[in-house]
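> Before I ask anything, here is the structure I am working with.
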Amino acid sequence: MQDNTENTRKKAIVFAGGGSKGAYQAGAWKALEELGEHFDIATGTSIGSINAGLYVQHDFDAAWELWNTITVDAIMTNGINMDKSVESIFSQRDNLIPFLKTFINQKGADVTPFHNKLKAYFNAEKFFGSDIDYALITVRYPGFAPLTVYKKDMAPMGEEAWQWFAASGACYPVFPPMNVNGEDFVDGGYFDNIPVAPAFKLGAEEALVVDLKTDKNHAGYLHHPRIKYIKPSRDLGTFLNFDKDALRFSLRLGYNDTMKAYGKYLGRQYTFLPPAEDDGRIAWLADCFMDLLTEAEANFDFSGSVKTRQRVNNLEGCTTLLSSALGVFRPTETELFFEALEGLLRQLGYDLDENYELLPLLYRLKTEVDGMYPMLEYDTGTAFDMVRGFIRNYNKNGKNPEHKKLEDDRLMLIYTSLIRTLQQANTL
């Protein structure tokens with residue numbers, strides 16, 4: 001008998017905190033809408049509590065508008081964007097001195113614009129009338145005792161319930177504490193930046209986590225069978241950078257990473273659009289790549305007199321090198337193939353921000369190499385050196401920091417095997 005339990009499970013979406021990086025979650029939400037994914041519970045911390053609140057209201061259009069139009073002035077009076085560059089902060093000198101004066105006098109930024117924005121986007125009728133349950137995390141100040149606030153706890157406040165969002169997002173000491181019902185609260189990230197536990201307490205049987213950090217906020221949940229975990233494939237920058245280009249980058253990355261998580265796009269840092277129909281070519285390429293790589297690694301002479309040669313028995317092997325980059329203990333052949341492809345594209349200087357049609361991309365690489373080196377006619381060692389030359393000459397007018405890695409024989413065996421795989425493919 002067919003088990004339909006999967007179709008009736010109560011599902012939660014969990015939004016992590018991360019300030020301006022919350023644009024990533026709006027991009028993820030856009031992908032989820034297109035994929036037809038819907039959730040019964042939404043929880044969040046800090047900016048995640050606000051995105052989760054809009055999710056409860058079924059207000060995707062409002063969230064999309066918010067993250068496509070918001071500026072730092074909508075967050076702080078005399079606000080400044082804080083990216084990783086000191087020069088960038090000082091370039092905003094017209095606002096810098098007024099911001100610092102306000103910060104010192106008020107013991108925190110003037111976040112009146114932020115509170116006004118929350119009031120404008122919070123709709124009590126939609127929020128409390130929604131069929132989606134909700135919880136957020138905040139922390140009492142002083143003392144830093146955590147508090148989980150559920151939708152039912154917010155109901156008595158009616159239109160003023162937006163204050164709990166402000167409390168969860170009061171990223172002290174940049175923002176001052178938020179007073180709610182006579183108590184002061186600060187950012188929930190001081191306790192739990194990804195509130196998975198409240199989602200399960202509300203009855204969730206599985207959860208989708210949308211993190212905002214490339215490293216692990218909740219390592220214990222990464223391998224949980226009931227949790228799908230989406231995190232940025234590239235660094236989103238700082239949590240107080242509302243620069244338009246930075247937000248657009250986060251929106252696009254959130255969309256692409258979510259499509260990858262659901263198997264609609266391929267790749268890790270690069271984004272590949274798969275063929276409309278799976279005719280087995282990708283699996284064939286991955287299988288061919290592993291055949292050639294295994295043979296090359298077994299037969300390559302790592303004991304030559306050239307100083308850059310390294311003995312493979314003193315190092316991790318080629319597949320372990322790829323697996324480490326993937327962060328996967330035992331990846332599939334297809335995952336290894338794509339990781340090798342991404343490494344080669346980085347060496348050749350391909351743009352990380354472009355979405356590539358996979359088969360035309362592979363055909364382009366194949367024809368570029370075929371026109372220069374018929375490598376299938378040479379032994380591995382000779383082909384190895386030809387591939388190194390091809391990569392270095394590809395962008396000879398520019399400096400590619402990735403080129404310093406070409407002295408690692410394992411990487412060159414990987415790229416040589418990948419290029420030979422493409423040369424063997426008659427149809428792409």
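Starting from 1 in every chain, residues are counted up; chains themselves are A, B, ... following the order of the structure tokens, and ligands are numbered from 1 as listed.
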Counting only C-alpha atoms, what is within 9 Å of Arg248 of chain A, bar same-chain residues fewer than 3 positions away, as a PyMOL selection string?
chain A and resi 23-24+67-68+243-245+251-253
> I need the residues from that last selection saved to file as a short mmCIF file (atom, residue, chain, number, x, y, z; two decimals), in the first residue's frame (with all heavy atoms), if you can.

data_model
loop_
_atom_site.label_atom_id
_atom_site.label_comp_id
_atom_site.auth_asym_id
_atom_site.auth_seq_id
_atom_site.Cartn_x
_atom_site.Cartn_y
_atom_site.Cartn_z
N ALA A 23 17.53 39.82 2.45
CA ALA A 23 17.10 39.83 1.05
C ALA A 23 17.23 38.44 0.43
O ALA A 23 16.44 38.05 -0.44
CB ALA A 23 17.92 40.85 0.26
N TYR A 24 18.23 37.69 0.89
CA TYR A 24 18.44 36.32 0.41
C TYR A 24 17.18 35.48 0.62
O TYR A 24 16.80 34.66 -0.23
CB TYR A 24 19.63 35.72 1.15
CG TYR A 24 19.97 34.29 0.81
CD1 TYR A 24 20.87 34.00 -0.21
CD2 TYR A 24 19.45 33.23 1.55
CE1 TYR A 24 21.22 32.68 -0.51
CE2 TYR A 24 19.79 31.92 1.27
CZ TYR A 24 20.67 31.64 0.24
OH TYR A 24 21.01 30.34 -0.04
N TRP A 67 12.27 44.40 -0.23
CA TRP A 67 13.69 44.10 -0.43
C TRP A 67 14.23 44.65 -1.75
O TRP A 67 15.45 44.71 -1.94
CB TRP A 67 13.93 42.60 -0.33
CG TRP A 67 13.86 42.14 1.09
CD1 TRP A 67 12.88 41.39 1.68
CD2 TRP A 67 14.79 42.45 2.13
NE1 TRP A 67 13.15 41.21 3.00
CE2 TRP A 67 14.31 41.85 3.32
CE3 TRP A 67 15.98 43.18 2.18
CZ2 TRP A 67 14.99 41.96 4.52
CZ3 TRP A 67 16.66 43.29 3.39
CH2 TRP A 67 16.17 42.68 4.53
N ASN A 68 13.36 45.07 -2.63
CA ASN A 68 13.82 45.70 -3.87
C ASN A 68 13.88 47.22 -3.77
O ASN A 68 14.40 47.88 -4.68
CB ASN A 68 12.91 45.30 -5.04
CG ASN A 68 13.31 43.97 -5.66
OD1 ASN A 68 14.23 43.91 -6.46
ND2 ASN A 68 12.61 42.92 -5.26
N ASP A 243 23.09 48.62 0.42
CA ASP A 243 23.42 49.06 -0.93
C ASP A 243 22.58 48.27 -1.94
O ASP A 243 22.39 47.06 -1.81
CB ASP A 243 24.91 48.83 -1.19
CG ASP A 243 25.29 49.12 -2.63
OD1 ASP A 243 25.39 50.30 -2.99
OD2 ASP A 243 25.47 48.14 -3.39
N LYS A 244 22.07 48.95 -2.95
CA LYS A 244 21.14 48.33 -3.90
C LYS A 244 21.76 47.11 -4.59
O LYS A 244 21.11 46.08 -4.75
CB LYS A 244 20.71 49.36 -4.94
CG LYS A 244 19.65 48.87 -5.91
CD LYS A 244 19.23 49.96 -6.89
CE LYS A 244 18.53 51.09 -6.17
NZ LYS A 244 18.01 52.11 -7.14
N ASP A 245 23.02 47.23 -5.01
CA ASP A 245 23.66 46.10 -5.70
C ASP A 245 23.84 44.91 -4.76
O ASP A 245 23.68 43.75 -5.17
CB ASP A 245 25.02 46.53 -6.27
CG ASP A 245 24.88 47.47 -7.46
OD1 ASP A 245 23.81 47.47 -8.09
OD2 ASP A 245 25.84 48.22 -7.73
N LEU A 251 19.23 38.71 -3.33
CA LEU A 251 17.96 38.24 -3.89
C LEU A 251 18.21 37.15 -4.94
O LEU A 251 17.56 36.09 -4.92
CB LEU A 251 17.19 39.40 -4.51
CG LEU A 251 16.51 40.38 -3.55
CD1 LEU A 251 16.13 41.67 -4.29
CD2 LEU A 251 15.26 39.76 -2.94
N ARG A 252 19.13 37.43 -5.85
CA ARG A 252 19.42 36.48 -6.92
C ARG A 252 20.01 35.19 -6.37
O ARG A 252 19.64 34.08 -6.80
CB ARG A 252 20.37 37.11 -7.93
CG ARG A 252 20.71 36.22 -9.13
CD ARG A 252 21.55 36.95 -10.16
NE ARG A 252 22.85 37.34 -9.63
CZ ARG A 252 23.22 38.59 -9.37
NH1 ARG A 252 22.38 39.58 -9.57
NH2 ARG A 252 24.43 38.85 -8.90
N LEU A 253 20.93 35.32 -5.41
CA LEU A 253 21.57 34.12 -4.86
C LEU A 253 20.57 33.27 -4.08
O LEU A 253 20.60 32.04 -4.17
CB LEU A 253 22.73 34.52 -3.94
CG LEU A 253 23.69 33.40 -3.57
CD1 LEU A 253 24.49 32.96 -4.80
CD2 LEU A 253 24.66 33.85 -2.47
#
> Pick from A:Ala166, A:Ala199, A:Ala52, A:Val174: nearest to Phe127 of chain A, with only C-alpha atoms counted?
A:Ala52
> As a VMD selection string, please: the residues near segment 254-258 of chain A (cut-off 12 Å, only C-alpha atoms, same-chain neighbours under 2 positions excluded).
chain A and resid 21 to 35 37 64 208 to 214 228 to 236 247 to 252 260 to 273 352 to 356
> Do a neighbour search on Phe122 of chain A at 12 Å with only C-alpha atoms, toss out local chain neighbours closer than 5 positions, and write the hits as an mmCIF file with N, CA, C and O atoms, in the first residue's frame.

data_model
loop_
_atom_site.group_PDB
_atom_site.id
_atom_site.type_symbol
_atom_site.label_atom_id
_atom_site.label_comp_id
_atom_site.auth_asym_id
_atom_site.auth_seq_id
_atom_site.Cartn_x
_atom_site.Cartn_y
_atom_site.Cartn_z
ATOM 1 N N SER A 49 12.478 37.090 11.654
ATOM 2 C CA SER A 49 11.149 37.188 12.265
ATOM 3 C C SER A 49 10.240 38.066 11.418
ATOM 4 O O SER A 49 9.024 37.841 11.349
ATOM 5 N N ILE A 50 10.818 39.071 10.764
ATOM 6 C CA ILE A 50 10.038 39.978 9.913
ATOM 7 C C ILE A 50 9.653 39.280 8.616
ATOM 8 O O ILE A 50 8.496 39.323 8.181
ATOM 9 N N ASN A 51 10.610 38.608 7.983
ATOM 10 C CA ASN A 51 10.292 37.857 6.765
ATOM 11 C C ASN A 51 9.266 36.765 7.052
ATOM 12 O O ASN A 51 8.356 36.519 6.259
ATOM 13 N N ALA A 52 9.416 36.097 8.216
ATOM 14 C CA ALA A 52 8.452 35.059 8.591
ATOM 15 C C ALA A 52 7.073 35.669 8.834
ATOM 16 O O ALA A 52 6.041 35.068 8.505
ATOM 17 N N GLY A 53 7.032 36.880 9.433
ATOM 18 C CA GLY A 53 5.755 37.551 9.653
ATOM 19 C C GLY A 53 5.053 37.866 8.344
ATOM 20 O O GLY A 53 3.830 37.678 8.218
ATOM 21 N N LEU A 54 5.801 38.334 7.353
ATOM 22 C CA LEU A 54 5.217 38.589 6.043
ATOM 23 C C LEU A 54 4.764 37.289 5.391
ATOM 24 O O LEU A 54 3.758 37.265 4.675
ATOM 25 N N TYR A 55 5.502 36.209 5.660
ATOM 26 C CA TYR A 55 5.079 34.910 5.125
ATOM 27 C C TYR A 55 3.733 34.509 5.726
ATOM 28 O O TYR A 55 2.852 34.012 5.016
ATOM 29 N N VAL A 56 3.563 34.717 7.021
ATOM 30 C CA VAL A 56 2.288 34.403 7.678
ATOM 31 C C VAL A 56 1.158 35.203 7.037
ATOM 32 O O VAL A 56 0.041 34.700 6.856
ATOM 33 N N GLN A 57 1.434 36.439 6.665
ATOM 34 C CA GLN A 57 0.422 37.295 6.046
ATOM 35 C C GLN A 57 0.155 36.947 4.584
ATOM 36 O O GLN A 57 -0.682 37.581 3.935
ATOM 37 N N HIS A 58 0.876 35.966 4.048
ATOM 38 C CA HIS A 58 0.787 35.621 2.616
ATOM 39 C C HIS A 58 1.125 36.841 1.764
ATOM 40 O O HIS A 58 0.534 37.073 0.708
ATOM 41 N N ASP A 59 2.100 37.635 2.213
ATOM 42 C CA ASP A 59 2.426 38.901 1.569
ATOM 43 C C ASP A 59 3.737 38.824 0.809
ATOM 44 O O ASP A 59 4.665 39.619 1.049
ATOM 45 N N ALA A 62 4.532 42.099 -1.008
ATOM 46 C CA ALA A 62 5.023 43.142 -0.104
ATOM 47 C C ALA A 62 6.484 42.896 0.255
ATOM 48 O O ALA A 62 7.305 43.834 0.299
ATOM 49 N N ALA A 63 6.845 41.630 0.518
ATOM 50 C CA ALA A 63 8.237 41.301 0.855
ATOM 51 C C ALA A 63 9.152 41.602 -0.321
ATOM 52 O O ALA A 63 10.258 42.139 -0.146
ATOM 53 N N HIS A 115 11.169 51.297 12.674
ATOM 54 C CA HIS A 115 9.884 51.036 13.339
ATOM 55 C C HIS A 115 8.712 51.492 12.467
ATOM 56 O O HIS A 115 7.684 50.801 12.390
ATOM 57 N N ASN A 116 8.862 52.608 11.802
ATOM 58 C CA ASN A 116 7.800 53.072 10.901
ATOM 59 C C ASN A 116 7.593 52.104 9.739
ATOM 60 O O ASN A 116 6.460 51.870 9.294
ATOM 61 N N LYS A 117 8.695 51.534 9.265
ATOM 62 C CA LYS A 117 8.602 50.548 8.175
ATOM 63 C C LYS A 117 7.865 49.299 8.642
ATOM 64 O O LYS A 117 7.017 48.758 7.921
ATOM 65 N N PHE A 127 -2.325 38.950 9.560
ATOM 66 C CA PHE A 127 -1.436 38.140 10.396
ATOM 67 C C PHE A 127 -2.230 37.207 11.303
ATOM 68 O O PHE A 127 -2.003 35.991 11.330
ATOM 69 N N PHE A 128 -3.178 37.760 12.051
ATOM 70 C CA PHE A 128 -3.907 36.944 13.018
ATOM 71 C C PHE A 128 -5.014 36.125 12.368
ATOM 72 O O PHE A 128 -5.472 35.133 12.935
ATOM 73 N N GLY A 158 -2.821 43.299 19.215
ATOM 74 C CA GLY A 158 -3.460 43.777 17.990
ATOM 75 C C GLY A 158 -2.509 44.481 17.055
ATOM 76 O O GLY A 158 -1.459 43.948 16.698
ATOM 77 N N GLU A 159 -2.860 45.711 16.666
ATOM 78 C CA GLU A 159 -2.070 46.473 15.706
ATOM 79 C C GLU A 159 -0.660 46.781 16.212
ATOM 80 O O GLU A 159 0.230 47.091 15.439
ATOM 81 N N GLU A 160 -0.454 46.723 17.529
ATOM 82 C CA GLU A 160 0.855 47.043 18.102
ATOM 83 C C GLU A 160 1.772 45.824 18.203
ATOM 84 O O GLU A 160 2.885 45.920 18.722
ATOM 85 N N ALA A 161 1.317 44.689 17.705
ATOM 86 C CA ALA A 161 2.118 43.465 17.798
ATOM 87 C C ALA A 161 3.404 43.553 16.980
ATOM 88 O O ALA A 161 4.330 42.759 17.188
ATOM 89 N N TRP A 162 3.491 44.522 16.069
ATOM 90 C CA TRP A 162 4.716 44.707 15.289
ATOM 91 C C TRP A 162 5.922 44.951 16.209
ATOM 92 O O TRP A 162 7.067 44.718 15.813
ATOM 93 N N GLN A 163 5.652 45.412 17.434
ATOM 94 C CA GLN A 163 6.740 45.710 18.362
ATOM 95 C C GLN A 163 7.584 44.471 18.673
ATOM 96 O O GLN A 163 8.777 44.585 18.976
ATOM 97 N N TRP A 164 6.962 43.299 18.606
ATOM 98 C CA TRP A 164 7.728 42.077 18.846
ATOM 99 C C TRP A 164 8.735 41.837 17.721
ATOM 100 O O TRP A 164 9.831 41.325 17.957
ATOM 101 N N PHE A 165 8.386 42.204 16.486
ATOM 102 C CA PHE A 165 9.358 42.106 15.393
ATOM 103 C C PHE A 165 10.545 43.026 15.667
ATOM 104 O O PHE A 165 11.705 42.653 15.461
ATOM 105 N N ALA A 166 10.236 44.238 16.131
ATOM 106 C CA ALA A 166 11.297 45.195 16.448
ATOM 107 C C ALA A 166 12.171 44.685 17.591
ATOM 108 O O ALA A 166 13.390 44.886 17.595
#
> Grab the atom CA of Lys151 of chain A to atom CA of Asp133 of chain A distance for me, in Å with one decimal place.
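Between atom CA of Lys151 of chain A and atom CA of Asp133 of chain A the gap works out to 6.5 Å.
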> Would you mind writing down, as a ChimeraX atom specification, each residue of segment 133-330 of chain A that DSSP on the backbone assigns to strand (DSSP E or B)?
/A:133-141,146-150,178-180,183-187,206-210,227-230,240,266,271-273
> Write a file of the just-selected residues containing N, CA, C and O atoms, as a tab-separated table (two decimals), in the first residue's frame.

chain	number	residue	atom	x	y	z
A	133	ASP	N	0.80	29.33	11.44
A	133	ASP	CA	1.20	29.66	12.81
A	133	ASP	C	2.58	30.29	12.80
A	133	ASP	O	3.29	30.26	11.79
A	134	TYR	N	2.99	30.83	13.97
A	134	TYR	CA	4.18	31.69	13.98
A	134	TYR	C	4.85	31.72	15.35
A	134	TYR	O	4.18	31.59	16.39
A	135	ALA	N	6.18	31.92	15.33
A	135	ALA	CA	6.93	32.16	16.56
A	135	ALA	C	8.21	32.92	16.22
A	135	ALA	O	8.75	32.79	15.11
A	136	LEU	N	8.68	33.73	17.17
A	136	LEU	CA	9.95	34.44	17.03
A	136	LEU	C	10.74	34.32	18.33
A	136	LEU	O	10.20	33.94	19.37
A	137	ILE	N	12.03	34.66	18.24
A	137	ILE	CA	12.92	34.65	19.40
A	137	ILE	C	13.38	36.07	19.68
A	137	ILE	O	13.78	36.80	18.76
A	138	THR	N	13.35	36.47	20.93
A	138	THR	CA	13.97	37.71	21.38
A	138	THR	C	14.66	37.43	22.72
A	138	THR	O	14.58	36.30	23.22
A	139	VAL	N	15.34	38.43	23.25
A	139	VAL	CA	16.12	38.25	24.48
A	139	VAL	C	15.88	39.44	25.40
A	139	VAL	O	15.94	40.60	24.97
A	140	ARG	N	15.59	39.16	26.66
A	140	ARG	CA	15.39	40.23	27.63
A	140	ARG	C	16.69	40.98	27.91
A	140	ARG	O	17.77	40.40	27.91
A	141	TYR	N	16.53	42.29	28.14
A	141	TYR	CA	17.69	43.13	28.43
A	141	TYR	C	17.41	43.98	29.66
A	141	TYR	O	16.35	44.61	29.75
A	146	PRO	N	16.41	34.37	27.21
A	146	PRO	CA	15.65	34.22	25.96
A	146	PRO	C	14.15	34.16	26.19
A	146	PRO	O	13.68	33.72	27.24
A	147	LEU	N	13.42	34.60	25.18
A	147	LEU	CA	11.96	34.53	25.21
A	147	LEU	C	11.46	34.12	23.83
A	147	LEU	O	11.81	34.75	22.83
A	148	THR	N	10.67	33.07	23.78
A	148	THR	CA	10.00	32.68	22.55
A	148	THR	C	8.60	33.28	22.58
A	148	THR	O	7.84	33.06	23.53
A	149	VAL	N	8.28	34.04	21.56
A	149	VAL	CA	6.97	34.70	21.47
A	149	VAL	C	6.18	34.03	20.35
A	149	VAL	O	6.61	34.04	19.19
A	150	TYR	N	5.04	33.46	20.71
A	150	TYR	CA	4.19	32.77	19.74
A	150	TYR	C	3.08	33.71	19.26
A	150	TYR	O	2.78	34.73	19.89
A	178	MET	N	14.54	47.44	22.55
A	178	MET	CA	13.14	47.76	22.22
A	178	MET	C	12.27	47.48	23.44
A	178	MET	O	12.33	46.38	24.02
A	179	ASN	N	11.48	48.45	23.82
A	179	ASN	CA	10.60	48.28	24.96
A	179	ASN	C	9.24	47.77	24.51
A	179	ASN	O	8.59	48.36	23.64
A	180	VAL	N	8.81	46.64	25.09
A	180	VAL	CA	7.50	46.06	24.80
A	180	VAL	C	6.83	45.76	26.13
A	180	VAL	O	7.39	45.03	26.97
A	183	GLU	N	8.98	46.11	29.26
A	183	GLU	CA	10.26	45.39	29.35
A	183	GLU	C	11.12	45.70	28.14
A	183	GLU	O	10.61	45.94	27.04
A	184	ASP	N	12.46	45.69	28.34
A	184	ASP	CA	13.38	45.91	27.24
A	184	ASP	C	13.86	44.58	26.66
A	184	ASP	O	14.13	43.63	27.40
A	185	PHE	N	13.98	44.57	25.32
A	185	PHE	CA	14.41	43.36	24.63
A	185	PHE	C	15.44	43.73	23.56
A	185	PHE	O	15.42	44.83	23.01
A	186	VAL	N	16.32	42.76	23.25
A	186	VAL	CA	17.29	42.92	22.17
A	186	VAL	C	17.23	41.69	21.26
A	186	VAL	O	16.44	40.77	21.48
A	187	ASP	N	18.08	41.72	20.28
A	187	ASP	CA	18.05	40.76	19.17
A	187	ASP	C	18.03	39.30	19.64
A	187	ASP	O	18.84	38.89	20.48
A	206	GLU	N	8.35	18.46	9.66
A	206	GLU	CA	9.55	18.68	8.88
A	206	GLU	C	9.71	20.18	8.70
A	206	GLU	O	8.76	20.95	8.87
A	207	ALA	N	10.93	20.60	8.41
A	207	ALA	CA	11.21	22.03	8.34
A	207	ALA	C	12.19	22.34	7.22
A	207	ALA	O	13.06	21.53	6.90
A	208	LEU	N	12.02	23.53	6.66
A	208	LEU	CA	12.98	24.09	5.72
A	208	LEU	C	13.65	25.27	6.41
A	208	LEU	O	12.99	26.22	6.82
A	209	VAL	N	14.96	25.21	6.56
A	209	VAL	CA	15.74	26.29	7.17
A	209	VAL	C	16.36	27.13	6.06
A	209	VAL	O	16.99	26.58	5.15
A	210	VAL	N	16.20	28.45	6.15
A	210	VAL	CA	16.87	29.36	5.21
A	210	VAL	C	17.86	30.19	6.01
A	210	VAL	O	17.48	31.16	6.66
A	227	ILE	N	14.83	17.84	8.14
A	227	ILE	CA	15.15	19.24	7.88
A	227	ILE	C	15.88	19.38	6.54
A	227	ILE	O	16.89	18.71	6.30
A	228	LYS	N	15.37	20.24	5.69
A	228	LYS	CA	16.08	20.65	4.47
A	228	LYS	C	16.76	21.97	4.79
A	228	LYS	O	16.12	22.89	5.30
A	229	TYR	N	18.05	22.08	4.50
A	229	TYR	CA	18.84	23.22	4.95
A	229	TYR	C	19.38	23.97	3.74
A	229	TYR	O	20.15	23.43	2.95
A	230	ILE	N	18.98	25.22	3.59
A	230	ILE	CA	19.47	26.08	2.51
A	230	ILE	C	20.34	27.17	3.13
A	230	ILE	O	19.92	27.87	4.05
A	240	LEU	N	24.62	45.02	7.82
A	240	LEU	CA	24.06	46.37	7.73
A	240	LEU	C	24.54	47.06	6.46
A	240	LEU	O	25.04	48.19	6.48
A	266	LEU	N	21.54	23.30	-11.16
A	266	LEU	CA	22.69	22.51	-10.75
A	266	LEU	C	23.85	23.43	-10.40
A	266	LEU	O	23.85	24.60	-10.74
A	271	THR	N	25.96	28.52	-11.32
A	271	THR	CA	24.57	28.08	-11.53
A	271	THR	C	24.43	27.56	-12.95
A	271	THR	O	24.70	28.28	-13.93
A	272	PHE	N	24.01	26.29	-13.06
A	272	PHE	CA	23.84	25.64	-14.35
A	272	PHE	C	22.37	25.29	-14.55
A	272	PHE	O	21.74	24.70	-13.67
A	273	LEU	N	21.85	25.64	-15.71
A	273	LEU	CA	20.47	25.29	-16.05
A	273	LEU	C	20.51	23.98	-16.81
A	273	LEU	O	21.09	23.90	-17.91
> Given only C-alpha atoms as the basis, pick out the residue of A:Asn426, A:Ser324, A:Ser130, A:Thr77 nearest to Phe114 of chain A.
A:Thr77
> Which residues are near Tyr363 of chain A? Cut-off 12 Å, only C-alpha atoms, ignore same chain within fewer than 4 positions. Put them as a list in words.
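The residues that qualify are Tyr356, Glu357, Leu358, Leu359, Thr367, Glu368, Val369, Asp370, Ile419, Thr421, Leu422, Gln423, Gln424, Ala425, Asn426, Thr427 and Leu428 of chain A.
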> Between atom CA of Ile132 of chain A and atom CA of Thr69 of chain A, what is the distance, to one decimal in Å?
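Atom CA of Thr69 of chain A lies 26.4 Å from atom CA of Ile132 of chain A.
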> Within 12 Å of Thr294 of chain A, counting only C-alpha atoms, which residues qualify if same-chain residues fewer than 4 places away don't, as an MDAnalysis selection string?
chainID A and resid 287:290 298:300 317:319 333 380 410 413:414 416:418
> Taking the chain letters and numbering used in this document, name the residues of segment 146-240 of chain A that DSSP puts in alpha helix (DSSP H), as a PyMOL selection string.
chain A and resi 151-154+162-168+196-201
> Give me, please, the distance in Å between atom CA of Ala325 of chain A and atom CA of Leu411 of chain A, quoted to one decimal.
12.0 Å
> What lies within 10 Å of Gly343 of chain A using only C-alpha atoms, ignoring chain neighbours under 2 positions off, as a VMD selection string?
chain A and resid 269 to 270 322 325 338 to 341 345 to 349 402 411 414 to 415
